[in-house]
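One structure below.
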Amino acid sequence: MEIVPANILDLNALRHLEKLCFPQDAWPLIDLIAVLSFAGVVRLKAIENGKMIGFVAGNPRPGEGFSWVAIIGIIPEFRGKGIGRALLSACEAELPTQRVQLSVRASNEEAIRMYKFAGYYTIDQWKSYYNDGEDAIVMEKVKQSG
């Protein structure tokens with residue numbers, strides 16, 4: 001497995017990953033194009049045998065004092081192998097702010113465990129955030145200096 005920058009040429013692979021990882025909440029095509037092309041966004045993909053198996057995008061918001069991990073997804077058959085942790089860590093390393101935030105489905109215990117292990121803690125809860133009415137847990141990490 002290798003982590004490399006992603007770009008607009010990864011659009012079809014990212015659409016496929018989104019549908020597998022987030023069947024109820026897959027981003028619309030225009031949002032996927034934006035995340036793959038907007039300036040300043042950190043976008044990384046995990047590849048194995050030339051195939052995208054994971055993706056993360058981080059949006060620096062220095063004016064707000066934090067960066068936002070907009071999406072992180074691993075194709076189901078590749079989960080549990082540390083790929084998500086590796087992508088998250090690589091993304092954090094490229095984000096310019098000390099504080100990094102993200103949101104996760106309240107029922108996604110596996111992801112919440114991974115985020116806690118990576119140093120994130122709950123700072124908020126957004127009621128009925130997802131399309132099916134499920135709440136989102138908002139988490140934050142303060143990166144260590146140095």
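In the structure tokens, each chain is lettered A, B, ... as it comes, each chain's residues begin at 1, and ligands are numbered from 1 in order of appearance.
Using only C-alpha atoms, the protein and nucleic acid residues lying no more than 6 Å from Val100 of chain A, apart from those fewer than 3 places from it along its own chain, are A:Phe66, A:Ser67, A:Trp68, A:Glu140, A:Lys141.
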May I have the selected residues written with C-alpha atoms, as a PDB file, in the first residue's frame?
```
ATOM      1  CA  PHE A  66      -8.478  24.825  12.428  1.00  0.00           C
ATOM      2  CA  SER A  67      -8.454  22.454   9.469  1.00  0.00           C
ATOM      3  CA  TRP A  68     -11.361  20.198   8.568  1.00  0.00           C
ATOM      4  CA  GLU A 140     -11.033  17.567  17.326  1.00  0.00           C
ATOM      5  CA  LYS A 141      -7.350  16.908  17.735  1.00  0.00           C
TER       6      LYS A 141
END
```
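Shell of Glu134 of chain A at 9 Å, with only C-alpha atoms counted and residues fewer than 4 places along the chain excluded, is Arg105, Ala106, Ser107, Trp126, Lys127, Ser128, Tyr129 and Tyr130 of chain A.
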Go ahead and save the residues from that selection, with C-alpha atoms, as a PDB file, in the first residue's frame.
```
ATOM      1  CA  ARG A 105     -21.752   9.168  12.200  1.00  0.00           C
ATOM      2  CA  ALA A 106     -22.669   8.548  15.841  1.00  0.00           C
ATOM      3  CA  SER A 107     -23.118   4.832  15.027  1.00  0.00           C
ATOM      4  CA  TRP A 126     -24.877  17.801  15.301  1.00  0.00           C
ATOM      5  CA  LYS A 127     -28.458  16.550  15.589  1.00  0.00           C
ATOM      6  CA  SER A 128     -30.000  14.838  12.545  1.00  0.00           C
ATOM      7  CA  TYR A 129     -26.990  15.752  10.382  1.00  0.00           C
ATOM      8  CA  TYR A 130     -27.081  12.808   7.974  1.00  0.00           C
TER       9      TYR A 130
END
```
- Return as a list in words the full set of residues in segment 2-63 of chain A whose backbone-based DSSP assignment is strand (DSSP E or B). Glu2, Ile3, Val4, Pro5, Val42, Arg43, Leu44, Lys45, Ala46, Ile47, Glu48, Lys51, Met52, Ile53, Gly54, Phe55, Val56, Ala57, Gly58, Asn59, Pro60 and Arg61 of chain A
Selection above as a file: C-alpha atoms, as a CSV table (one decimal), in the first residue's frame:
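Written file, again.csv:
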```
chain,number,residue,atom,x,y,z
A,2,GLU,CA,1.2,3.5,-0.9
A,3,ILE,CA,-0.1,6.9,0.0
A,4,VAL,CA,0.2,9.5,-2.8
A,5,PRO,CA,-1.5,12.8,-3.8
A,42,VAL,CA,-5.0,18.3,1.0
A,43,ARG,CA,-6.1,15.2,-1.0
A,44,LEU,CA,-4.4,11.8,-0.6
A,45,LYS,CA,-5.2,8.4,-1.8
A,46,ALA,CA,-4.1,5.0,-0.7
A,47,ILE,CA,-3.4,2.7,-3.6
A,48,GLU,CA,-2.6,-1.0,-3.9
A,51,LYS,CA,-6.2,0.7,-7.4
A,52,MET,CA,-7.5,3.4,-5.1
A,53,ILE,CA,-8.5,1.7,-1.8
A,54,GLY,CA,-8.7,4.7,0.4
A,55,PHE,CA,-9.0,8.5,0.3
A,56,VAL,CA,-8.8,11.5,2.6
A,57,ALA,CA,-9.3,15.2,2.0
A,58,GLY,CA,-8.4,18.0,4.5
A,59,ASN,CA,-9.5,21.6,4.1
A,60,PRO,CA,-7.2,24.1,5.8
A,61,ARG,CA,-9.2,26.9,7.5
```
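With only C-alpha atoms as the atoms that count, the minimum distance from Gln101 of chain A to the choices A:Met114, A:Ile71, A:Leu88, A:Val138 is reached by A:Val138.
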- Which residues, written as an NGL selection string, have at least one atom at most 12 Å from Asp31 of chain A, with only C-alpha atoms counted and residues fewer than 4 positions away on the same chain left out? :A and (8 or 11 or 14-15 or 18 or 26-27 or 35-38 or 57 or 70-71)
Could those residues be written to a file, using N, CA and C atoms, as an mmCIF file, in the first residue's frame?
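For reference, again.cif as written:
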```cif
data_model
loop_
_atom_site.group_PDB
_atom_site.id
_atom_site.type_symbol
_atom_site.label_atom_id
_atom_site.label_comp_id
_atom_site.auth_asym_id
_atom_site.auth_seq_id
_atom_site.Cartn_x
_atom_site.Cartn_y
_atom_site.Cartn_z
ATOM 1 N N ILE A 8 -7.780 15.297 -10.046
ATOM 2 C CA ILE A 8 -9.042 15.181 -10.776
ATOM 3 C C ILE A 8 -9.116 13.895 -11.610
ATOM 4 N N LEU A 11 -11.294 10.977 -10.257
ATOM 5 C CA LEU A 11 -12.720 11.210 -10.044
ATOM 6 C C LEU A 11 -13.545 9.919 -10.067
ATOM 7 N N LEU A 14 -12.824 7.762 -7.058
ATOM 8 C CA LEU A 14 -13.378 8.356 -5.843
ATOM 9 C C LEU A 14 -14.901 8.185 -5.801
ATOM 10 N N ARG A 15 -15.567 8.320 -6.935
ATOM 11 C CA ARG A 15 -17.031 8.082 -6.981
ATOM 12 C C ARG A 15 -17.342 6.657 -6.552
ATOM 13 N N GLU A 18 -16.757 6.335 -2.760
ATOM 14 C CA GLU A 18 -17.841 7.010 -2.035
ATOM 15 C C GLU A 18 -19.093 6.137 -1.965
ATOM 16 N N ALA A 26 -23.201 9.487 0.013
ATOM 17 C CA ALA A 26 -22.188 9.757 -1.010
ATOM 18 C C ALA A 26 -22.338 11.192 -1.516
ATOM 19 N N TRP A 27 -21.215 11.839 -1.677
ATOM 20 C CA TRP A 27 -21.220 13.221 -2.137
ATOM 21 C C TRP A 27 -21.703 13.302 -3.582
ATOM 22 N N VAL A 35 -13.562 18.766 -4.407
ATOM 23 C CA VAL A 35 -12.549 18.291 -3.465
ATOM 24 C C VAL A 35 -11.271 17.854 -4.194
ATOM 25 N N LEU A 36 -11.419 17.447 -5.455
ATOM 26 C CA LEU A 36 -10.252 17.020 -6.228
ATOM 27 C C LEU A 36 -9.571 18.161 -6.972
ATOM 28 N N SER A 37 -10.173 19.352 -6.957
ATOM 29 C CA SER A 37 -9.596 20.425 -7.763
ATOM 30 C C SER A 37 -9.407 21.756 -7.035
ATOM 31 N N PHE A 38 -10.105 22.004 -5.946
ATOM 32 C CA PHE A 38 -9.966 23.294 -5.261
ATOM 33 C C PHE A 38 -8.552 23.473 -4.721
ATOM 34 N N ALA A 57 -9.414 13.815 2.451
ATOM 35 C CA ALA A 57 -9.267 15.205 2.024
ATOM 36 C C ALA A 57 -9.367 16.096 3.251
ATOM 37 N N ALA A 70 -12.574 16.628 5.603
ATOM 38 C CA ALA A 70 -13.881 16.616 4.955
ATOM 39 C C ALA A 70 -14.358 15.201 4.642
ATOM 40 N N ILE A 71 -13.424 14.331 4.326
ATOM 41 C CA ILE A 71 -13.789 12.963 3.967
ATOM 42 C C ILE A 71 -12.613 12.044 4.238
#
```
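Atom CA of Gly84 of chain A is positioned 20.4 Å from atom CA of Thr97 of chain A.
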- Best match for closeness to Gly119 of chain A among A:Leu87, A:Ala6, A:Val142, A:Ile72, counting only C-alpha atoms: A:Val142
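Here atom CA of Lys143 of chain A and atom CA of Glu92 of chain A stand 8.1 Å from one another.
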Expected answer as a short mmCIF file (atom, residue, chain, number, x, y, z; two decimals) with C-alpha atoms, in the first residue's frame: alpha helix (DSSP H) residues in segment 42-126 of chain A:
```cif
data_model
loop_
_atom_site.label_atom_id
_atom_site.label_comp_id
_atom_site.auth_asym_id
_atom_site.auth_seq_id
_atom_site.Cartn_x
_atom_site.Cartn_y
_atom_site.Cartn_z
CA ILE A 83 -4.91 2.29 6.12
CA GLY A 84 -7.34 4.80 7.62
CA ARG A 85 -4.88 5.69 10.40
CA ALA A 86 -2.08 6.08 7.85
CA LEU A 87 -4.18 8.33 5.60
CA LEU A 88 -5.36 10.44 8.53
CA SER A 89 -1.82 10.88 9.83
CA ALA A 90 -0.48 11.79 6.37
CA CYS A 91 -3.28 14.34 5.92
CA GLU A 92 -2.71 15.88 9.37
CA ALA A 93 1.00 16.25 8.58
CA GLU A 94 0.16 18.41 5.54
CA GLU A 109 -17.97 2.91 16.35
CA GLU A 110 -15.03 1.60 14.35
CA ALA A 111 -14.18 5.07 12.99
CA ILE A 112 -14.76 6.75 16.37
CA ARG A 113 -12.36 4.25 17.98
CA MET A 114 -9.74 5.00 15.31
CA TYR A 115 -10.13 8.77 15.81
CA LYS A 116 -9.84 8.46 19.60
CA PHE A 117 -6.72 6.31 19.17
#
```
